[in-house]
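Shown next: model36.txt, given as compact mmCIF, N, CA and C atoms and all ligand atoms.
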# COMPACT_ATOMS: atom_id res chain seq x y z
N MET A 220 0.86 -1.20 0.00
CA MET A 220 0.00 0.00 0.00
C MET A 220 0.89 1.24 0.00
N PRO A 221 0.76 2.07 -1.02
CA PRO A 221 1.64 3.26 -1.07
C PRO A 221 1.25 4.28 -0.02
N LEU A 222 2.25 4.95 0.46
CA LEU A 222 2.03 5.98 1.46
C LEU A 222 1.56 7.23 0.73
N LYS A 223 0.53 7.88 1.23
CA LYS A 223 0.04 9.06 0.54
C LYS A 223 0.87 10.28 0.90
N THR A 224 1.40 10.92 -0.11
CA THR A 224 2.12 12.17 0.12
C THR A 224 1.55 13.20 -0.82
N ARG A 225 1.64 14.44 -0.42
CA ARG A 225 1.05 15.49 -1.25
C ARG A 225 1.90 15.74 -2.49
N HIS A 226 3.19 15.61 -2.34
CA HIS A 226 4.07 15.86 -3.48
C HIS A 226 5.37 15.13 -3.24
N GLY A 227 6.12 14.99 -4.28
CA GLY A 227 7.43 14.38 -4.16
C GLY A 227 7.37 12.87 -4.11
N PRO A 228 8.56 12.25 -4.16
CA PRO A 228 8.61 10.79 -4.13
C PRO A 228 8.27 10.26 -2.74
N GLU A 229 8.01 8.98 -2.68
CA GLU A 229 7.73 8.36 -1.39
C GLU A 229 8.95 8.44 -0.50
N PRO A 230 8.75 8.70 0.79
CA PRO A 230 9.90 8.74 1.69
C PRO A 230 10.55 7.37 1.80
N VAL A 231 11.82 7.37 2.09
CA VAL A 231 12.53 6.11 2.25
C VAL A 231 11.99 5.41 3.49
N ARG A 232 11.65 4.15 3.34
CA ARG A 232 11.13 3.40 4.48
C ARG A 232 12.20 2.49 5.04
N ARG A 233 12.65 2.84 6.24
CA ARG A 233 13.58 1.96 6.92
C ARG A 233 12.79 1.21 7.96
N PRO A 234 13.14 -0.04 8.19
CA PRO A 234 12.46 -0.74 9.27
C PRO A 234 12.79 -0.05 10.59
N VAL A 235 11.78 0.15 11.41
CA VAL A 235 12.01 0.78 12.70
C VAL A 235 12.77 -0.20 13.59
N HIS A 236 13.83 0.31 14.24
CA HIS A 236 14.71 -0.57 14.99
C HIS A 236 14.22 -0.87 16.39
N VAL A 237 13.08 -0.29 16.77
CA VAL A 237 12.55 -0.55 18.10
C VAL A 237 11.16 -1.18 18.00
N ARG A 238 10.77 -1.82 19.06
CA ARG A 238 9.44 -2.43 19.12
C ARG A 238 8.75 -1.95 20.38
N SER A 239 7.45 -2.12 20.42
CA SER A 239 6.76 -1.68 21.62
C SER A 239 7.21 -2.53 22.80
N GLY A 240 7.42 -1.87 23.92
CA GLY A 240 7.92 -2.56 25.10
C GLY A 240 9.41 -2.35 25.31
N ASP A 241 10.11 -1.94 24.25
CA ASP A 241 11.54 -1.65 24.38
C ASP A 241 11.75 -0.40 25.24
N THR A 242 12.89 -0.31 25.87
CA THR A 242 13.29 0.94 26.52
C THR A 242 14.21 1.69 25.57
N VAL A 243 13.93 2.98 25.39
CA VAL A 243 14.75 3.78 24.48
C VAL A 243 15.19 5.05 25.18
N VAL A 244 16.22 5.67 24.65
CA VAL A 244 16.65 6.97 25.12
C VAL A 244 16.55 7.94 23.95
N VAL A 245 16.06 9.15 24.24
CA VAL A 245 15.88 10.15 23.19
C VAL A 245 17.22 10.85 22.96
N ILE A 246 17.63 10.97 21.70
CA ILE A 246 18.95 11.52 21.43
C ILE A 246 18.89 12.91 20.80
N SER A 247 17.70 13.42 20.53
CA SER A 247 17.63 14.79 20.04
C SER A 247 16.27 15.37 20.36
N GLY A 248 16.17 16.69 20.23
CA GLY A 248 14.91 17.35 20.52
C GLY A 248 14.81 17.78 21.96
N LYS A 249 13.63 18.28 22.33
CA LYS A 249 13.50 18.88 23.66
C LYS A 249 13.55 17.84 24.77
N ASP A 250 13.29 16.60 24.45
CA ASP A 250 13.31 15.55 25.47
C ASP A 250 14.60 14.74 25.44
N ARG A 251 15.66 15.35 24.88
CA ARG A 251 16.93 14.64 24.77
C ARG A 251 17.38 14.11 26.13
N GLY A 252 17.82 12.87 26.15
CA GLY A 252 18.34 12.28 27.38
C GLY A 252 17.30 11.52 28.17
N LYS A 253 16.03 11.71 27.83
CA LYS A 253 15.00 11.00 28.59
C LYS A 253 14.93 9.54 28.17
N ARG A 254 14.67 8.71 29.17
CA ARG A 254 14.45 7.30 28.88
C ARG A 254 12.99 6.96 29.06
N GLY A 255 12.51 6.06 28.27
CA GLY A 255 11.12 5.66 28.43
C GLY A 255 10.82 4.40 27.65
N LYS A 256 9.65 3.88 27.90
CA LYS A 256 9.22 2.65 27.25
C LYS A 256 8.47 2.99 25.97
N VAL A 257 8.72 2.22 24.93
CA VAL A 257 8.01 2.42 23.68
C VAL A 257 6.57 1.92 23.84
N LEU A 258 5.62 2.83 23.63
CA LEU A 258 4.22 2.46 23.77
C LEU A 258 3.65 1.97 22.44
N ARG A 259 4.01 2.67 21.37
CA ARG A 259 3.49 2.30 20.05
C ARG A 259 4.57 2.55 19.02
N VAL A 260 4.56 1.75 17.97
CA VAL A 260 5.44 1.97 16.83
C VAL A 260 4.56 2.22 15.62
N LEU A 261 4.87 3.28 14.88
CA LEU A 261 4.11 3.61 13.68
C LEU A 261 5.04 3.45 12.48
N PRO A 262 5.17 2.23 11.97
CA PRO A 262 6.18 1.95 10.94
C PRO A 262 5.95 2.75 9.66
N LYS A 263 4.69 3.03 9.33
CA LYS A 263 4.39 3.73 8.08
C LYS A 263 4.99 5.11 8.05
N VAL A 264 5.06 5.76 9.19
CA VAL A 264 5.60 7.11 9.23
C VAL A 264 6.93 7.15 9.96
N ASN A 265 7.46 5.95 10.28
CA ASN A 265 8.77 5.85 10.91
C ASN A 265 8.82 6.63 12.24
N ARG A 266 7.75 6.50 13.03
CA ARG A 266 7.70 7.24 14.28
C ARG A 266 7.34 6.29 15.42
N VAL A 267 7.70 6.70 16.61
CA VAL A 267 7.37 5.90 17.78
C VAL A 267 6.78 6.80 18.87
N VAL A 268 5.93 6.22 19.69
CA VAL A 268 5.38 6.92 20.85
C VAL A 268 6.08 6.36 22.07
N VAL A 269 6.73 7.26 22.82
CA VAL A 269 7.51 6.83 23.98
C VAL A 269 6.90 7.43 25.24
N GLU A 270 6.79 6.58 26.25
CA GLU A 270 6.23 6.99 27.53
C GLU A 270 6.97 8.19 28.10
N GLY A 271 6.25 9.27 28.38
CA GLY A 271 6.85 10.44 29.02
C GLY A 271 7.66 11.33 28.09
N VAL A 272 7.64 11.05 26.81
CA VAL A 272 8.43 11.83 25.86
C VAL A 272 7.50 12.53 24.89
N ASN A 273 7.81 13.80 24.62
CA ASN A 273 7.00 14.62 23.73
C ASN A 273 5.56 14.73 24.25
N VAL A 274 5.45 15.01 25.53
CA VAL A 274 4.14 15.09 26.17
C VAL A 274 3.58 16.50 25.98
N SER A 275 2.35 16.55 25.58
CA SER A 275 1.70 17.85 25.52
C SER A 275 0.37 17.76 26.25
N LYS A 276 -0.10 18.91 26.69
CA LYS A 276 -1.39 18.96 27.37
C LYS A 276 -2.49 18.88 26.32
N LYS A 277 -3.47 18.11 26.61
CA LYS A 277 -4.57 17.99 25.68
C LYS A 277 -5.86 18.27 26.43
N HIS A 278 -6.66 19.12 25.86
CA HIS A 278 -7.92 19.46 26.51
C HIS A 278 -8.99 18.50 26.01
N VAL A 279 -9.59 17.77 26.89
CA VAL A 279 -10.60 16.80 26.46
C VAL A 279 -11.94 17.11 27.12
N ARG A 280 -12.96 16.91 26.33
CA ARG A 280 -14.32 17.00 26.84
C ARG A 280 -14.75 15.62 27.30
N PRO A 281 -15.59 15.56 28.29
CA PRO A 281 -16.12 14.25 28.66
C PRO A 281 -16.99 13.71 27.54
N ASN A 282 -16.80 12.45 27.21
CA ASN A 282 -17.71 11.79 26.27
C ASN A 282 -17.88 10.36 26.73
N GLN A 283 -18.38 9.52 25.85
CA GLN A 283 -18.65 8.15 26.29
C GLN A 283 -17.38 7.38 26.63
N LYS A 284 -16.28 7.73 25.93
CA LYS A 284 -15.02 7.04 26.21
C LYS A 284 -14.31 7.66 27.41
N VAL A 285 -14.25 8.98 27.42
CA VAL A 285 -13.58 9.68 28.51
C VAL A 285 -14.66 10.31 29.37
N LEU A 286 -14.86 9.76 30.54
CA LEU A 286 -15.94 10.25 31.39
C LEU A 286 -15.53 11.55 32.06
N GLN A 287 -14.24 11.66 32.37
CA GLN A 287 -13.74 12.82 33.08
C GLN A 287 -13.04 13.74 32.08
N GLY A 288 -13.58 14.90 31.83
CA GLY A 288 -12.94 15.84 30.94
C GLY A 288 -11.84 16.59 31.66
N GLY A 289 -11.21 17.51 30.96
CA GLY A 289 -10.17 18.30 31.59
C GLY A 289 -8.91 18.32 30.76
N ILE A 290 -7.81 18.64 31.41
CA ILE A 290 -6.54 18.71 30.69
C ILE A 290 -5.72 17.47 31.04
N ILE A 291 -5.36 16.71 30.04
CA ILE A 291 -4.58 15.50 30.29
C ILE A 291 -3.26 15.58 29.55
N ASP A 292 -2.29 14.82 30.03
CA ASP A 292 -1.00 14.72 29.35
C ASP A 292 -1.09 13.63 28.30
N GLN A 293 -0.68 13.99 27.10
CA GLN A 293 -0.78 13.02 26.01
C GLN A 293 0.56 12.96 25.28
N GLU A 294 1.11 11.76 25.17
CA GLU A 294 2.34 11.61 24.40
C GLU A 294 2.04 11.70 22.91
N SER A 295 2.92 12.39 22.16
CA SER A 295 2.80 12.30 20.71
C SER A 295 4.04 11.62 20.16
N ALA A 296 3.93 11.19 18.92
CA ALA A 296 4.98 10.38 18.33
C ALA A 296 6.22 11.22 18.04
N VAL A 297 7.38 10.61 18.17
CA VAL A 297 8.63 11.24 17.77
C VAL A 297 9.24 10.38 16.67
N ASP A 298 10.12 10.98 15.88
CA ASP A 298 10.73 10.24 14.79
C ASP A 298 11.60 9.12 15.35
N ALA A 299 11.51 7.97 14.72
CA ALA A 299 12.25 6.81 15.23
C ALA A 299 13.75 7.02 15.20
N SER A 300 14.21 7.91 14.31
CA SER A 300 15.65 8.15 14.25
C SER A 300 16.13 9.00 15.43
N ASN A 301 15.21 9.54 16.19
CA ASN A 301 15.60 10.36 17.34
C ASN A 301 15.70 9.56 18.63
N VAL A 302 15.44 8.29 18.55
CA VAL A 302 15.56 7.46 19.74
C VAL A 302 16.58 6.35 19.50
N MET A 303 17.19 5.95 20.59
CA MET A 303 18.17 4.88 20.52
C MET A 303 17.73 3.78 21.47
N LEU A 304 17.84 2.56 21.03
CA LEU A 304 17.44 1.45 21.85
C LEU A 304 18.40 1.28 23.03
N VAL A 305 17.84 1.06 24.21
CA VAL A 305 18.68 0.78 25.38
C VAL A 305 18.78 -0.74 25.51
N CYS A 306 20.01 -1.21 25.49
CA CYS A 306 20.24 -2.66 25.57
C CYS A 306 19.79 -3.19 26.92
N ARG A 307 19.07 -4.29 26.93
CA ARG A 307 18.60 -4.81 28.21
C ARG A 307 19.69 -5.61 28.91
N SER A 308 20.81 -5.78 28.24
CA SER A 308 21.90 -6.52 28.85
C SER A 308 22.96 -5.60 29.45
N CYS A 309 23.41 -4.61 28.66
CA CYS A 309 24.44 -3.71 29.20
C CYS A 309 23.84 -2.39 29.65
N HIS A 310 22.53 -2.19 29.48
CA HIS A 310 21.80 -1.01 29.94
C HIS A 310 22.37 0.30 29.40
N GLU A 311 22.97 0.24 28.24
CA GLU A 311 23.48 1.43 27.58
C GLU A 311 22.74 1.62 26.27
N PRO A 312 22.60 2.88 25.82
CA PRO A 312 22.03 3.08 24.49
C PRO A 312 22.98 2.48 23.47
N ALA A 313 22.46 1.70 22.58
CA ALA A 313 23.34 0.98 21.67
C ALA A 313 22.76 0.94 20.27
N ARG A 314 23.63 0.87 19.31
CA ARG A 314 23.17 0.62 17.95
C ARG A 314 22.91 -0.88 17.85
N THR A 315 22.02 -1.21 16.95
CA THR A 315 21.66 -2.61 16.84
C THR A 315 21.99 -3.12 15.44
N GLY A 316 22.25 -4.39 15.39
CA GLY A 316 22.43 -5.06 14.11
C GLY A 316 21.49 -6.23 14.06
N ILE A 317 21.37 -6.81 12.90
CA ILE A 317 20.54 -8.00 12.76
C ILE A 317 21.46 -9.18 12.60
N THR A 318 21.18 -10.23 13.32
CA THR A 318 21.98 -11.43 13.17
C THR A 318 21.04 -12.62 13.00
N THR A 319 21.51 -13.63 12.31
CA THR A 319 20.69 -14.80 12.07
C THR A 319 21.15 -15.93 12.97
N LEU A 320 20.20 -16.51 13.69
CA LEU A 320 20.53 -17.61 14.60
C LEU A 320 20.67 -18.91 13.81
N GLU A 321 21.15 -19.95 14.52
CA GLU A 321 21.34 -21.24 13.86
C GLU A 321 20.03 -21.81 13.33
N ASP A 322 18.92 -21.47 14.03
CA ASP A 322 17.65 -22.01 13.56
C ASP A 322 16.99 -21.13 12.49
N GLY A 323 17.74 -20.12 12.01
CA GLY A 323 17.23 -19.33 10.91
C GLY A 323 16.48 -18.08 11.33
N ARG A 324 16.24 -17.91 12.63
CA ARG A 324 15.52 -16.71 13.05
C ARG A 324 16.44 -15.50 12.99
N ARG A 325 15.88 -14.37 12.58
CA ARG A 325 16.66 -13.14 12.53
C ARG A 325 16.33 -12.32 13.77
N VAL A 326 17.34 -11.98 14.51
CA VAL A 326 17.12 -11.27 15.76
C VAL A 326 17.99 -10.03 15.80
N ARG A 327 17.62 -9.11 16.66
CA ARG A 327 18.41 -7.90 16.84
C ARG A 327 19.54 -8.20 17.83
N ARG A 328 20.65 -7.53 17.63
CA ARG A 328 21.81 -7.75 18.45
C ARG A 328 22.41 -6.41 18.84
N CYS A 329 22.84 -6.32 20.08
CA CYS A 329 23.48 -5.10 20.57
C CYS A 329 24.89 -5.03 20.01
N LYS A 330 25.22 -3.90 19.36
CA LYS A 330 26.56 -3.79 18.78
C LYS A 330 27.59 -3.43 19.83
N ARG A 331 27.12 -3.08 21.02
CA ARG A 331 28.04 -2.69 22.08
C ARG A 331 28.56 -3.92 22.82
N CYS A 332 27.63 -4.74 23.29
CA CYS A 332 28.06 -5.90 24.08
C CYS A 332 27.89 -7.21 23.31
N GLY A 333 27.25 -7.16 22.16
CA GLY A 333 27.11 -8.37 21.37
C GLY A 333 25.96 -9.27 21.78
N GLU A 334 25.20 -8.83 22.77
CA GLU A 334 24.12 -9.67 23.28
C GLU A 334 22.92 -9.68 22.33
N THR A 335 22.29 -10.82 22.20
CA THR A 335 21.07 -10.93 21.39
C THR A 335 19.90 -10.30 22.15
N LEU A 336 19.10 -9.50 21.46
CA LEU A 336 18.06 -8.75 22.14
C LEU A 336 16.66 -9.35 21.97
N ASP A 337 16.50 -10.25 21.06
CA ASP A 337 15.19 -10.89 20.86
C ASP A 337 15.30 -12.37 21.16
N ARG A 338 14.18 -12.92 21.56
CA ARG A 338 14.18 -14.35 21.79
C ARG A 338 13.71 -15.08 20.55
ZN ZN A 401 24.37 -4.38 25.11
Show me this structure written as structure tokens.
Ligand SMILES: [Zn+2]
Amino acid sequence: MPLKTRHGPEPVRRPVHVRSGDTVVVISGKDRGKRGKVLRVLPKVNRVVVEGVNVSKKHVRPNQKVLQGGIIDQESAVDASNVMLVCRSCHEPARTGITTLEDGRRVRRCKRCGETLDR
């Protein structure tokens, strides 16, 4: 399914290097240095929603879904290239590579400590 753009060629689609549930650190923008859990990944637009990052106040009216109106904090998506995956083994922000296991599965690997990040 082609991505709809108003003009110009389709943007380059890189696979997003993080998945929901990963811990990431923000490496640019106003939330630089913050760590948080990935809540959602939006591969089509190469963006991720990270807990506590890029939070803005949102004014909501009470409706059937939201019974309590008011001002709530809402995370918005940040570009996936602005976050770095935090390795669950060495607990450092690390670049990742893809490696193939003996059984043929392709998993992410921490380039810092060499540890496999997926089961
Ligand atoms: Zn590591």
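Between atom N of Pro262 in chain A and atom C of Val244 in chain A the separation is 17.5 Å.
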TODO: Tell me, in Å to one decimal, how far atom C of Gly240 in chain A is from atom N of Arg259 in chain A.
DONE: 8.4 Å
- [ ] Please write out the residues within 8 Å of ligand ZN 401 (chain A) as an NGL selection string, counting all atoms listed in the file.
- [x] :A and (305-314 or 328-335)
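In this model, the gap between atom C of Leu261 in chain A and CA of Val302 in chain A comes to 13.4 Å.
With distances restricted to all atoms listed in the file, A:Val235 is the closest residue to Arg266 in chain A from A:Gly288, A:Pro228, A:Glu294, A:Val235.
Every protein or nucleic acid residue with an atom no more than 5 Å from range 250-258 of chain A, counting only N, CA and C atoms and leaving out same-chain residues fewer than 3 positions away, appears here: Ser239, Gly240, Asp241, Thr242, Val243, Val244, Val245, Ile246, Ser247, Val268, Val269 and Glu270 of chain A.
In terms of minimum interatomic distance to Val272 in chain A, A:Lys249 ranks closest within A:Arg325, A:Arg338, A:Lys249, A:Arg238, counting only N, CA and C atoms.
The nearest approach to Val274 in chain A among the residues A:Leu286, A:Ile317, A:Ala296, A:Val260, with only N, CA and C atoms taken into account, belongs to A:Ala296.
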Work out where the centre of an axis-aligned box around every listed atom of range 283-289 of chain A lies and how long its edges are once 8 Å is added on each side; give both in Å to one decimal as AutoDock Vina command-line options.
--center_x -13.8 --center_y 12.7 --center_z 29.5 --size_x 25.7 --size_y 27.3 --size_z 23.2
- [ ] Give me the residues within 8 Å of Ile291 in chain A as an MDAnalysis selection string, counting only C-alpha atoms and dropping any in the same chain fewer than 4 places off.
- [x] chainID A and resid 276:279
Tell me, which residues of chain A carry DSSP strand (DSSP E or B), written as a compact mmCIF listing (two decimals) with N, CA and C atoms, in the coordinates of the input?
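Below is the file selection32.txt, written as the result:
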# COMPACT_ATOMS: atom_id res chain seq x y z
N THR A 242 12.89 -0.31 25.87
CA THR A 242 13.29 0.94 26.52
C THR A 242 14.21 1.69 25.57
N VAL A 243 13.93 2.98 25.39
CA VAL A 243 14.75 3.78 24.48
C VAL A 243 15.19 5.05 25.18
N VAL A 244 16.22 5.67 24.65
CA VAL A 244 16.65 6.97 25.12
C VAL A 244 16.55 7.94 23.95
N VAL A 245 16.06 9.15 24.24
CA VAL A 245 15.88 10.15 23.19
C VAL A 245 17.22 10.85 22.96
N ARG A 254 14.67 8.71 29.17
CA ARG A 254 14.45 7.30 28.88
C ARG A 254 12.99 6.96 29.06
N GLY A 255 12.51 6.06 28.27
CA GLY A 255 11.12 5.66 28.43
C GLY A 255 10.82 4.40 27.65
N LYS A 256 9.65 3.88 27.90
CA LYS A 256 9.22 2.65 27.25
C LYS A 256 8.47 2.99 25.97
N VAL A 257 8.72 2.22 24.93
CA VAL A 257 8.01 2.42 23.68
C VAL A 257 6.57 1.92 23.84
N LEU A 258 5.62 2.83 23.63
CA LEU A 258 4.22 2.46 23.77
C LEU A 258 3.65 1.97 22.44
N ARG A 259 4.01 2.67 21.37
CA ARG A 259 3.49 2.30 20.05
C ARG A 259 4.57 2.55 19.02
N VAL A 260 4.56 1.75 17.97
CA VAL A 260 5.44 1.97 16.83
C VAL A 260 4.56 2.22 15.62
N LEU A 261 4.87 3.28 14.88
CA LEU A 261 4.11 3.61 13.68
C LEU A 261 5.04 3.45 12.48
N ARG A 266 7.75 6.50 13.03
CA ARG A 266 7.70 7.24 14.28
C ARG A 266 7.34 6.29 15.42
N VAL A 267 7.70 6.70 16.61
CA VAL A 267 7.37 5.90 17.78
C VAL A 267 6.78 6.80 18.87
N VAL A 268 5.93 6.22 19.69
CA VAL A 268 5.38 6.92 20.85
C VAL A 268 6.08 6.36 22.07
N VAL A 269 6.73 7.26 22.82
CA VAL A 269 7.51 6.83 23.98
C VAL A 269 6.90 7.43 25.24
N VAL A 274 5.45 15.01 25.53
CA VAL A 274 4.14 15.09 26.17
C VAL A 274 3.58 16.50 25.98
N SER A 275 2.35 16.55 25.58
CA SER A 275 1.70 17.85 25.52
C SER A 275 0.37 17.76 26.25
N LYS A 276 -0.10 18.91 26.69
CA LYS A 276 -1.39 18.96 27.37
C LYS A 276 -2.49 18.88 26.32
N LYS A 277 -3.47 18.11 26.61
CA LYS A 277 -4.57 17.99 25.68
C LYS A 277 -5.86 18.27 26.43
N HIS A 278 -6.66 19.12 25.86
CA HIS A 278 -7.92 19.46 26.51
C HIS A 278 -8.99 18.50 26.01
N VAL A 279 -9.59 17.77 26.89
CA VAL A 279 -10.60 16.80 26.46
C VAL A 279 -11.94 17.11 27.12
N GLY A 289 -11.21 17.51 30.96
CA GLY A 289 -10.17 18.30 31.59
C GLY A 289 -8.91 18.32 30.76
N ILE A 290 -7.81 18.64 31.41
CA ILE A 290 -6.54 18.71 30.69
C ILE A 290 -5.72 17.47 31.04
N ILE A 291 -5.36 16.71 30.04
CA ILE A 291 -4.58 15.50 30.29
C ILE A 291 -3.26 15.58 29.55
N ASP A 292 -2.29 14.82 30.03
CA ASP A 292 -1.00 14.72 29.35
C ASP A 292 -1.09 13.63 28.30
N GLN A 293 -0.68 13.99 27.10
CA GLN A 293 -0.78 13.02 26.01
C GLN A 293 0.56 12.96 25.28
N GLU A 294 1.11 11.76 25.17
CA GLU A 294 2.34 11.61 24.40
C GLU A 294 2.04 11.70 22.91
N VAL A 297 7.38 10.61 18.17
CA VAL A 297 8.63 11.24 17.77
C VAL A 297 9.24 10.38 16.67
N ASP A 298 10.12 10.98 15.88
CA ASP A 298 10.73 10.24 14.79
C ASP A 298 11.60 9.12 15.35
N VAL A 302 15.44 8.29 18.55
CA VAL A 302 15.56 7.46 19.74
C VAL A 302 16.58 6.35 19.50
N MET A 303 17.19 5.95 20.59
CA MET A 303 18.17 4.88 20.52
C MET A 303 17.73 3.78 21.47
N LEU A 304 17.84 2.56 21.03
CA LEU A 304 17.44 1.45 21.85
C LEU A 304 18.40 1.28 23.03
N VAL A 305 17.84 1.06 24.21
CA VAL A 305 18.68 0.78 25.38
C VAL A 305 18.78 -0.74 25.51
N PRO A 312 22.60 2.88 25.82
CA PRO A 312 22.03 3.08 24.49
C PRO A 312 22.98 2.48 23.47
N THR A 315 22.02 -1.21 16.95
CA THR A 315 21.66 -2.61 16.84
C THR A 315 21.99 -3.12 15.44
N GLY A 316 22.25 -4.39 15.39
CA GLY A 316 22.43 -5.06 14.11
C GLY A 316 21.49 -6.23 14.06
N ILE A 317 21.37 -6.81 12.90
CA ILE A 317 20.54 -8.00 12.76
C ILE A 317 21.46 -9.18 12.60
N THR A 318 21.18 -10.23 13.32
CA THR A 318 21.98 -11.43 13.17
C THR A 318 21.04 -12.62 13.00
N THR A 319 21.51 -13.63 12.31
CA THR A 319 20.69 -14.80 12.07
C THR A 319 21.15 -15.93 12.97
N ARG A 325 15.88 -14.37 12.58
CA ARG A 325 16.66 -13.14 12.53
C ARG A 325 16.33 -12.32 13.77
N VAL A 326 17.34 -11.98 14.51
CA VAL A 326 17.12 -11.27 15.76
C VAL A 326 17.99 -10.03 15.80
N ARG A 327 17.62 -9.11 16.66
CA ARG A 327 18.41 -7.90 16.84
C ARG A 327 19.54 -8.20 17.83
N ARG A 328 20.65 -7.53 17.63
CA ARG A 328 21.81 -7.75 18.45
C ARG A 328 22.41 -6.41 18.84
N CYS A 329 22.84 -6.32 20.08
CA CYS A 329 23.48 -5.10 20.57
C CYS A 329 24.89 -5.03 20.01
N THR A 335 22.29 -10.82 22.20
CA THR A 335 21.07 -10.93 21.39
C THR A 335 19.90 -10.30 22.15
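Secondary structure from DSSP on the backbone puts helix (DSSP H, G or I) at the following positions of chain A: A:Pro262, A:Lys263, A:Val264, A:Ala299, A:Ser300, A:Asn301.
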Select range 246-260 of chain A in the preceding structure and write N, CA and C atoms to a file as a PDB file, in the first residue's frame.
ATOM      1  N   ILE A 246      17.628  10.971  21.704  1.00  0.00           N
ATOM      2  CA  ILE A 246      18.945  11.525  21.433  1.00  0.00           C
ATOM      3  C   ILE A 246      18.886  12.906  20.801  1.00  0.00           C
ATOM      4  N   SER A 247      17.704  13.415  20.528  1.00  0.00           N
ATOM      5  CA  SER A 247      17.635  14.794  20.037  1.00  0.00           C
ATOM      6  C   SER A 247      16.268  15.369  20.359  1.00  0.00           C
ATOM      7  N   GLY A 248      16.173  16.693  20.233  1.00  0.00           N
ATOM      8  CA  GLY A 248      14.909  17.351  20.515  1.00  0.00           C
ATOM      9  C   GLY A 248      14.808  17.781  21.963  1.00  0.00           C
ATOM     10  N   LYS A 249      13.633  18.285  22.334  1.00  0.00           N
ATOM     11  CA  LYS A 249      13.497  18.878  23.663  1.00  0.00           C
ATOM     12  C   LYS A 249      13.546  17.838  24.773  1.00  0.00           C
ATOM     13  N   ASP A 250      13.295  16.597  24.448  1.00  0.00           N
ATOM     14  CA  ASP A 250      13.312  15.553  25.466  1.00  0.00           C
ATOM     15  C   ASP A 250      14.599  14.740  25.437  1.00  0.00           C
ATOM     16  N   ARG A 251      15.656  15.347  24.876  1.00  0.00           N
ATOM     17  CA  ARG A 251      16.930  14.643  24.769  1.00  0.00           C
ATOM     18  C   ARG A 251      17.380  14.109  26.127  1.00  0.00           C
ATOM     19  N   GLY A 252      17.821  12.870  26.148  1.00  0.00           N
ATOM     20  CA  GLY A 252      18.338  12.284  27.377  1.00  0.00           C
ATOM     21  C   GLY A 252      17.299  11.520  28.169  1.00  0.00           C
ATOM     22  N   LYS A 253      16.032  11.707  27.834  1.00  0.00           N
ATOM     23  CA  LYS A 253      14.997  10.996  28.587  1.00  0.00           C
ATOM     24  C   LYS A 253      14.933   9.537  28.173  1.00  0.00           C
ATOM     25  N   ARG A 254      14.669   8.708  29.171  1.00  0.00           N
ATOM     26  CA  ARG A 254      14.454   7.300  28.879  1.00  0.00           C
ATOM     27  C   ARG A 254      12.993   6.957  29.063  1.00  0.00           C
ATOM     28  N   GLY A 255      12.505   6.064  28.266  1.00  0.00           N
ATOM     29  CA  GLY A 255      11.115   5.660  28.428  1.00  0.00           C
ATOM     30  C   GLY A 255      10.823   4.395  27.654  1.00  0.00           C
ATOM     31  N   LYS A 256       9.646   3.878  27.904  1.00  0.00           N
ATOM     32  CA  LYS A 256       9.224   2.649  27.248  1.00  0.00           C
ATOM     33  C   LYS A 256       8.470   2.988  25.969  1.00  0.00           C
ATOM     34  N   VAL A 257       8.718   2.219  24.933  1.00  0.00           N
ATOM     35  CA  VAL A 257       8.007   2.421  23.680  1.00  0.00           C
ATOM     36  C   VAL A 257       6.573   1.922  23.840  1.00  0.00           C
ATOM     37  N   LEU A 258       5.623   2.831  23.630  1.00  0.00           N
ATOM     38  CA  LEU A 258       4.224   2.459  23.769  1.00  0.00           C
ATOM     39  C   LEU A 258       3.647   1.971  22.442  1.00  0.00           C
ATOM     40  N   ARG A 259       4.007   2.666  21.374  1.00  0.00           N
ATOM     41  CA  ARG A 259       3.494   2.297  20.052  1.00  0.00           C
ATOM     42  C   ARG A 259       4.567   2.553  19.018  1.00  0.00           C
ATOM     43  N   VAL A 260       4.556   1.749  17.973  1.00  0.00           N
ATOM     44  CA  VAL A 260       5.441   1.967  16.832  1.00  0.00           C
ATOM     45  C   VAL A 260       4.561   2.220  15.619  1.00  0.00           C
TER      46      VAL A 260
END
